[in-house]
Amino acid sequence: MRLHFFVYFSSLLFFVSCGDPGHASVESDGKPDFYRRHAQDKTTGEYLVDSLTYPGNQPIDPVTGEIDPQPVPDWTYVDQLNRPFGNKDLLGKVYVAEFFFTSCPTICPKVKGQMLRLEEEFANEPDFALVSFTIDPKRDTPERMKDYAEKLGVKDMDRWRFIHGDKFEIADLDQHYLSIAEEDASAPGGFNHSGYIVLVDRQGFVRSYASGLDPEEVNYLMDDIKLLLNK
């Protein structure tokens with residue numbers, strides 16, 4: 001399964017150009033490839049700037065041959081204040097999700113910097129939320145994540161939830177959020193993880209994503225967030 005997601009992400013490493021408003025050209029002319037994650041115009045094949053699709057390995061309807069998108073599976077764990085919290089609490093909201101661990105010595109601080117940008121950008125949007133799942137629940141207790149969030153400067157502990165749950169369940173859940181997070185003794189900090197920030201709509205469907213290591217991609221993701229918030 002994880003290989004399929006890796007192949008999917010690898011297949012996106014092409015370039016497109018920005019053309020008319022609402023469209024991105026299919027031509028490979030050195031422009032950002034972000035809009036290849038969007039829906040396509042069925043007539044021209046152009047990628048639509050203002051229309052999201054359902055990325056990932058979505059099942060195919062055997063009758064129509066069209067994708068049959070599925071929402072992320074149900075989950076309920078606890079947050080950094082040890083409060084029960086799950087995906088059903090997020091229904092009706094637009095949110096971004098990512099996977100991390102507090103002792104990460106490599107990419108997590110950079111990704112958190114981009115998450116802080118999103119928190120600030122949408123501070124006045126009551127229907128926007130952020131979710132960070134720890135992939136190291138043995139060490140990342142709710143108390144430790146509360147301390148981490150405070151040091152990070154998180155302004156609203158109700159808007160931004162740091163999730164502590166079952167290690168193996170979250171290792172499976174990350175695939176549904178198009179993320180990659182695996183234990184690896186040879187990796188810095190003991191984990192390999194992708195650093196993706198994933199956008200989920202009000203009904204719980206993954207709709208877009210960006211590399212948390214690329215501020216420009218996060219700029220595009222902000223536009224996608226606005227698309228969903230305005231629906």
# chains A, B, ... in the order shown; residues from 1 in each chain; ligands from 1
call {"tool": "select_by_dssp", "arguments": {"residues": "region 59-221 of chain A", "states": "alpha helix (DSSP H)", "output": "JSON, numbers by chain"}}
result
{"A": [108, 109, 110, 111, 112, 113, 114, 115, 116, 117, 118, 119, 120, 121, 142, 143, 144, 145, 146, 147, 148, 149, 150, 151, 152, 167, 168, 169, 170, 171, 172, 173, 174, 175, 176, 215, 216, 217, 218, 219, 220, 221]}
call {"tool": "residues_around", "arguments": {"residues": "Val111 (chain A)", "least_positions_apart": "5", "cutoff": "9 Å", "atoms": "only C-alpha atoms", "output": "list of chain:residue names"}}
result
A:Glu98, A:Phe100, A:Leu116, A:Gly195, A:Tyr196, A:Ile197, A:Ser211, A:Gly212, A:Leu213, A:Asp214
call {"tool": "write_last_selection", "arguments": {"atoms": "all heavy atoms", "output": "PDB file, in the first residue's frame"}}
result
ATOM      1  N   GLU A  98      -1.335  16.654   9.450  1.00  0.00           N
ATOM      2  CA  GLU A  98       0.063  16.261   9.208  1.00  0.00           C
ATOM      3  C   GLU A  98       0.491  15.303  10.303  1.00  0.00           C
ATOM      4  O   GLU A  98      -0.165  15.186  11.339  1.00  0.00           O
ATOM      5  CB  GLU A  98       0.963  17.495   9.148  1.00  0.00           C
ATOM      6  CG  GLU A  98       0.873  18.414  10.351  1.00  0.00           C
ATOM      7  CD  GLU A  98       2.094  18.366  11.266  1.00  0.00           C
ATOM      8  OE1 GLU A  98       3.152  17.889  10.844  1.00  0.00           O
ATOM      9  OE2 GLU A  98       1.973  18.814  12.432  1.00  0.00           O
ATOM     10  N   PHE A 100       3.842  13.879  12.656  1.00  0.00           N
ATOM     11  CA  PHE A 100       5.109  14.410  13.165  1.00  0.00           C
ATOM     12  C   PHE A 100       5.502  13.663  14.442  1.00  0.00           C
ATOM     13  O   PHE A 100       4.789  12.783  14.915  1.00  0.00           O
ATOM     14  CB  PHE A 100       4.942  15.900  13.478  1.00  0.00           C
ATOM     15  CG  PHE A 100       4.354  16.159  14.833  1.00  0.00           C
ATOM     16  CD1 PHE A 100       5.119  16.709  15.856  1.00  0.00           C
ATOM     17  CD2 PHE A 100       3.020  15.816  15.125  1.00  0.00           C
ATOM     18  CE1 PHE A 100       4.581  16.916  17.124  1.00  0.00           C
ATOM     19  CE2 PHE A 100       2.487  16.030  16.388  1.00  0.00           C
ATOM     20  CZ  PHE A 100       3.261  16.577  17.383  1.00  0.00           C
ATOM     21  N   LEU A 116       2.113  26.970  11.172  1.00  0.00           N
ATOM     22  CA  LEU A 116       1.905  28.239  11.867  1.00  0.00           C
ATOM     23  C   LEU A 116       1.456  29.319  10.894  1.00  0.00           C
ATOM     24  O   LEU A 116       0.634  30.178  11.240  1.00  0.00           O
ATOM     25  CB  LEU A 116       3.184  28.664  12.585  1.00  0.00           C
ATOM     26  CG  LEU A 116       3.524  27.893  13.869  1.00  0.00           C
ATOM     27  CD1 LEU A 116       4.958  28.175  14.293  1.00  0.00           C
ATOM     28  CD2 LEU A 116       2.559  28.255  14.994  1.00  0.00           C
ATOM     29  N   GLY A 195       6.367  14.717   5.501  1.00  0.00           N
ATOM     30  CA  GLY A 195       6.255  16.159   5.689  1.00  0.00           C
ATOM     31  C   GLY A 195       5.136  16.796   4.888  1.00  0.00           C
ATOM     32  O   GLY A 195       5.119  18.018   4.708  1.00  0.00           O
ATOM     33  N   TYR A 196       4.164  15.984   4.432  1.00  0.00           N
ATOM     34  CA  TYR A 196       3.045  16.553   3.687  1.00  0.00           C
ATOM     35  C   TYR A 196       2.017  17.172   4.625  1.00  0.00           C
ATOM     36  O   TYR A 196       1.757  16.667   5.719  1.00  0.00           O
ATOM     37  CB  TYR A 196       2.357  15.483   2.836  1.00  0.00           C
ATOM     38  CG  TYR A 196       3.062  15.220   1.536  1.00  0.00           C
ATOM     39  CD1 TYR A 196       3.849  14.088   1.367  1.00  0.00           C
ATOM     40  CD2 TYR A 196       2.953  16.113   0.472  1.00  0.00           C
ATOM     41  CE1 TYR A 196       4.517  13.855   0.177  1.00  0.00           C
ATOM     42  CE2 TYR A 196       3.616  15.884  -0.719  1.00  0.00           C
ATOM     43  CZ  TYR A 196       4.402  14.756  -0.864  1.00  0.00           C
ATOM     44  OH  TYR A 196       5.063  14.533  -2.033  1.00  0.00           O
ATOM     45  N   ILE A 197       1.450  18.289   4.175  1.00  0.00           N
ATOM     46  CA  ILE A 197       0.293  18.915   4.815  1.00  0.00           C
ATOM     47  C   ILE A 197      -0.905  18.608   3.924  1.00  0.00           C
ATOM     48  O   ILE A 197      -0.913  18.957   2.744  1.00  0.00           O
ATOM     49  CB  ILE A 197       0.489  20.428   4.965  1.00  0.00           C
ATOM     50  CG1 ILE A 197       1.684  20.725   5.878  1.00  0.00           C
ATOM     51  CG2 ILE A 197      -0.775  21.085   5.507  1.00  0.00           C
ATOM     52  CD1 ILE A 197       2.064  22.194   5.941  1.00  0.00           C
ATOM     53  N   SER A 211       3.747  19.988   0.119  1.00  0.00           N
ATOM     54  CA  SER A 211       4.930  19.671   0.903  1.00  0.00           C
ATOM     55  C   SER A 211       5.120  20.756   1.950  1.00  0.00           C
ATOM     56  O   SER A 211       5.197  21.946   1.627  1.00  0.00           O
ATOM     57  CB  SER A 211       6.173  19.596   0.015  1.00  0.00           C
ATOM     58  OG  SER A 211       7.341  19.526   0.820  1.00  0.00           O
ATOM     59  N   GLY A 212       5.206  20.348   3.208  1.00  0.00           N
ATOM     60  CA  GLY A 212       5.455  21.303   4.265  1.00  0.00           C
ATOM     61  C   GLY A 212       6.863  21.835   4.263  1.00  0.00           C
ATOM     62  O   GLY A 212       7.214  22.683   5.094  1.00  0.00           O
ATOM     63  N   LEU A 213       7.680  21.353   3.324  1.00  0.00           N
ATOM     64  CA  LEU A 213       9.054  21.844   3.180  1.00  0.00           C
ATOM     65  C   LEU A 213       9.168  22.885   2.078  1.00  0.00           C
ATOM     66  O   LEU A 213      10.260  23.400   1.822  1.00  0.00           O
ATOM     67  CB  LEU A 213       9.996  20.674   2.883  1.00  0.00           C
ATOM     68  CG  LEU A 213       9.986  19.539   3.909  1.00  0.00           C
ATOM     69  CD1 LEU A 213      10.897  18.407   3.462  1.00  0.00           C
ATOM     70  CD2 LEU A 213      10.401  20.052   5.269  1.00  0.00           C
ATOM     71  N   ASP A 214       8.050  23.183   1.422  1.00  0.00           N
ATOM     72  CA  ASP A 214       8.052  24.081   0.272  1.00  0.00           C
ATOM     73  C   ASP A 214       7.043  25.206   0.498  1.00  0.00           C
ATOM     74  O   ASP A 214       5.847  25.030   0.275  1.00  0.00           O
ATOM     75  CB  ASP A 214       7.699  23.290  -0.995  1.00  0.00           C
ATOM     76  CG  ASP A 214       7.856  24.113  -2.257  1.00  0.00           C
ATOM     77  OD1 ASP A 214       7.818  25.356  -2.189  1.00  0.00           O
ATOM     78  OD2 ASP A 214       7.995  23.505  -3.347  1.00  0.00           O
TER      79      ASP A 214
END
call {"tool": "closest_residue", "arguments": {"among": "A:Arg159, A:Lys88, A:Lys138, A:His38", "to": "Asn124 (chain A)", "atoms": "only C-alpha atoms"}}
result
A:Arg159
call {"tool": "residues_around", "arguments": {"residues": "Ile163 (chain A)", "least_positions_apart": "4", "cutoff": "6 Å", "atoms": "only C-alpha atoms", "output": "ChimeraX atom specification"}}
result
/A:78-79,132-133
call {"tool": "write_last_selection", "arguments": {"atoms": "N, CA, C and O atoms", "output": "PDB file, in the first residue's frame"}}
result
ATOM      1  N   VAL A  78      -7.136  11.165  21.724  1.00  0.00           N
ATOM      2  CA  VAL A  78      -7.168  12.299  22.644  1.00  0.00           C
ATOM      3  C   VAL A  78      -6.217  13.370  22.128  1.00  0.00           C
ATOM      4  O   VAL A  78      -5.263  13.073  21.393  1.00  0.00           O
ATOM      5  N   ASP A  79      -6.468  14.626  22.532  1.00  0.00           N
ATOM      6  CA  ASP A  79      -5.623  15.716  22.076  1.00  0.00           C
ATOM      7  C   ASP A  79      -4.604  16.097  23.154  1.00  0.00           C
ATOM      8  O   ASP A  79      -4.451  15.397  24.160  1.00  0.00           O
ATOM      9  N   SER A 132      -2.450  17.654  14.098  1.00  0.00           N
ATOM     10  CA  SER A 132      -1.107  17.064  14.021  1.00  0.00           C
ATOM     11  C   SER A 132      -1.105  15.741  14.785  1.00  0.00           C
ATOM     12  O   SER A 132      -1.312  15.730  15.998  1.00  0.00           O
ATOM     13  N   PHE A 133      -0.883  14.642  14.067  1.00  0.00           N
ATOM     14  CA  PHE A 133      -0.838  13.310  14.678  1.00  0.00           C
ATOM     15  C   PHE A 133       0.603  12.961  15.043  1.00  0.00           C
ATOM     16  O   PHE A 133       1.494  13.009  14.189  1.00  0.00           O
TER      17      PHE A 133
END
call {"tool": "select_by_dssp", "arguments": {"residues": "region 50-97 of chain A", "states": "strand (DSSP E)", "output": "NGL selection string"}}
result
:A and (50-52 or 76-78 or 84-86 or 94-97)
